[in-house]
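Here is the structure we will look at.
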Amino acid sequence: MINQSVVDLVWQEDEFTFTEVIRQAYTDTVLSAGMVEGHPVDTLYLKLERNGHIDTFLLLRPDEAAALAWCLTGVLWSDALVKDKTS
């Protein structure tokens with residue numbers, strides 16, 4: 001499934017082809033992720049931009065991307081549970 005806000009953003013760097021699959025834009029920040037072709041292992045990318053500058057660009061295996069999502073989800077749930085107990 002492709003996020004409908006993405007307009008076929010594909011670019012080439014060296015032997016790799018990057019295809020943006022999803023994007024979340026804020027006033028001064030854009031988070032995006034997609035597929036990487038041409039890499040010897042299955043690879044995804046995560047790009048974090050702030051004020052038009054790329055702050056972070058990670059190449060990740062699917063298991064690494066899943067671990068990142070799991071860790072961040074854990075933080076969000078932990079924070080929500082702590083706040084719920086203190087309310």
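Residues in the structure tokens are numbered from 1 in each chain, the chains being A, B, ... in the order shown, and ligands are numbered from 1 in the order shown.
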
Skip Leu58 in chain A itself and residues of its chain fewer than 2 positions away, then list as a count of residues only all residues within 9 Å of it, counting only C-alpha atoms.
-> 7

Excluding range 7-22 of chain A and residues on its chain fewer than 4 positions from it, collect all residues at most 10 Å away from it, counting only C-alpha atoms, and give them as a PyMOL selection string.
-> chain A and resi 1-3+31-39+43-47

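Between CA of Pro62 in chain A and CA of Asp42 in chain A lies a distance of 6.9 Å.
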
Step one, run DSSP on the backbone; step two, keep only residues of chain A assigned to strand (DSSP E); then write them as a VMD selection string.
-> chain A and resid 10 to 13 16 to 25 29 to 37 43 to 50 53 to 60

Restricting the output to C-alpha atoms, write the selected residues as a PDB file, in the first residue's frame.
ATOM      1  CA  VAL A  10      11.993   7.875  -6.877  1.00  0.00           C
ATOM      2  CA  TRP A  11      15.680   8.757  -7.090  1.00  0.00           C
ATOM      3  CA  GLN A  12      18.985   7.109  -7.878  1.00  0.00           C
ATOM      4  CA  GLU A  13      22.261   7.275  -5.923  1.00  0.00           C
ATOM      5  CA  PHE A  16      20.756   2.156  -5.482  1.00  0.00           C
ATOM      6  CA  THR A  17      17.220   3.162  -6.442  1.00  0.00           C
ATOM      7  CA  PHE A  18      15.146   4.707  -3.639  1.00  0.00           C
ATOM      8  CA  THR A  19      11.332   4.709  -3.771  1.00  0.00           C
ATOM      9  CA  GLU A  20       9.439   6.694  -1.152  1.00  0.00           C
ATOM     10  CA  VAL A  21       6.463   4.741   0.147  1.00  0.00           C
ATOM     11  CA  ILE A  22       5.209   6.866   3.039  1.00  0.00           C
ATOM     12  CA  ARG A  23       5.648  10.420   4.283  1.00  0.00           C
ATOM     13  CA  GLN A  24       4.505  12.378   7.335  1.00  0.00           C
ATOM     14  CA  ALA A  25       5.015  16.118   7.011  1.00  0.00           C
ATOM     15  CA  THR A  29       9.883  18.383   9.691  1.00  0.00           C
ATOM     16  CA  VAL A  30       9.318  15.550   7.235  1.00  0.00           C
ATOM     17  CA  LEU A  31       9.571  11.872   8.157  1.00  0.00           C
ATOM     18  CA  SER A  32       9.633   9.485   5.216  1.00  0.00           C
ATOM     19  CA  ALA A  33      10.487   5.876   4.458  1.00  0.00           C
ATOM     20  CA  GLY A  34      10.672   3.598   1.494  1.00  0.00           C
ATOM     21  CA  MET A  35      12.289   0.785  -0.420  1.00  0.00           C
ATOM     22  CA  VAL A  36      15.857   0.455  -1.674  1.00  0.00           C
ATOM     23  CA  GLU A  37      16.635  -1.548  -4.798  1.00  0.00           C
ATOM     24  CA  THR A  43      16.755  -2.848   2.517  1.00  0.00           C
ATOM     25  CA  LEU A  44      14.453  -0.045   3.589  1.00  0.00           C
ATOM     26  CA  TYR A  45      15.321   3.565   4.292  1.00  0.00           C
ATOM     27  CA  LEU A  46      14.205   6.056   6.922  1.00  0.00           C
ATOM     28  CA  LYS A  47      14.773   9.755   6.238  1.00  0.00           C
ATOM     29  CA  LEU A  48      14.286  12.565   8.772  1.00  0.00           C
ATOM     30  CA  GLU A  49      14.375  16.134   7.461  1.00  0.00           C
ATOM     31  CA  ARG A  50      14.176  19.348   9.462  1.00  0.00           C
ATOM     32  CA  HIS A  53      17.983  19.596   5.664  1.00  0.00           C
ATOM     33  CA  ILE A  54      18.358  15.830   5.954  1.00  0.00           C
ATOM     34  CA  ASP A  55      19.279  15.202   9.590  1.00  0.00           C
ATOM     35  CA  THR A  56      19.128  11.407   9.488  1.00  0.00           C
ATOM     36  CA  PHE A  57      19.172   8.897   6.652  1.00  0.00           C
ATOM     37  CA  LEU A  58      19.259   5.237   7.679  1.00  0.00           C
ATOM     38  CA  LEU A  59      19.437   2.090   5.583  1.00  0.00           C
ATOM     39  CA  LEU A  60      17.762  -0.722   7.488  1.00  0.00           C
TER      40      LEU A  60
END

Using DSSP on the backbone, list every residue of range 27-75 of chain A that comes out as alpha helix (DSSP H), and give them as an MDAnalysis selection string.
-> chainID A and resid 62:75

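Proximity to Thr27 in chain A was assessed for A:Gly52, A:Trp70, A:Ala80, A:Thr86 counting only C-alpha atoms; the smallest distance is recorded for A:Gly52.
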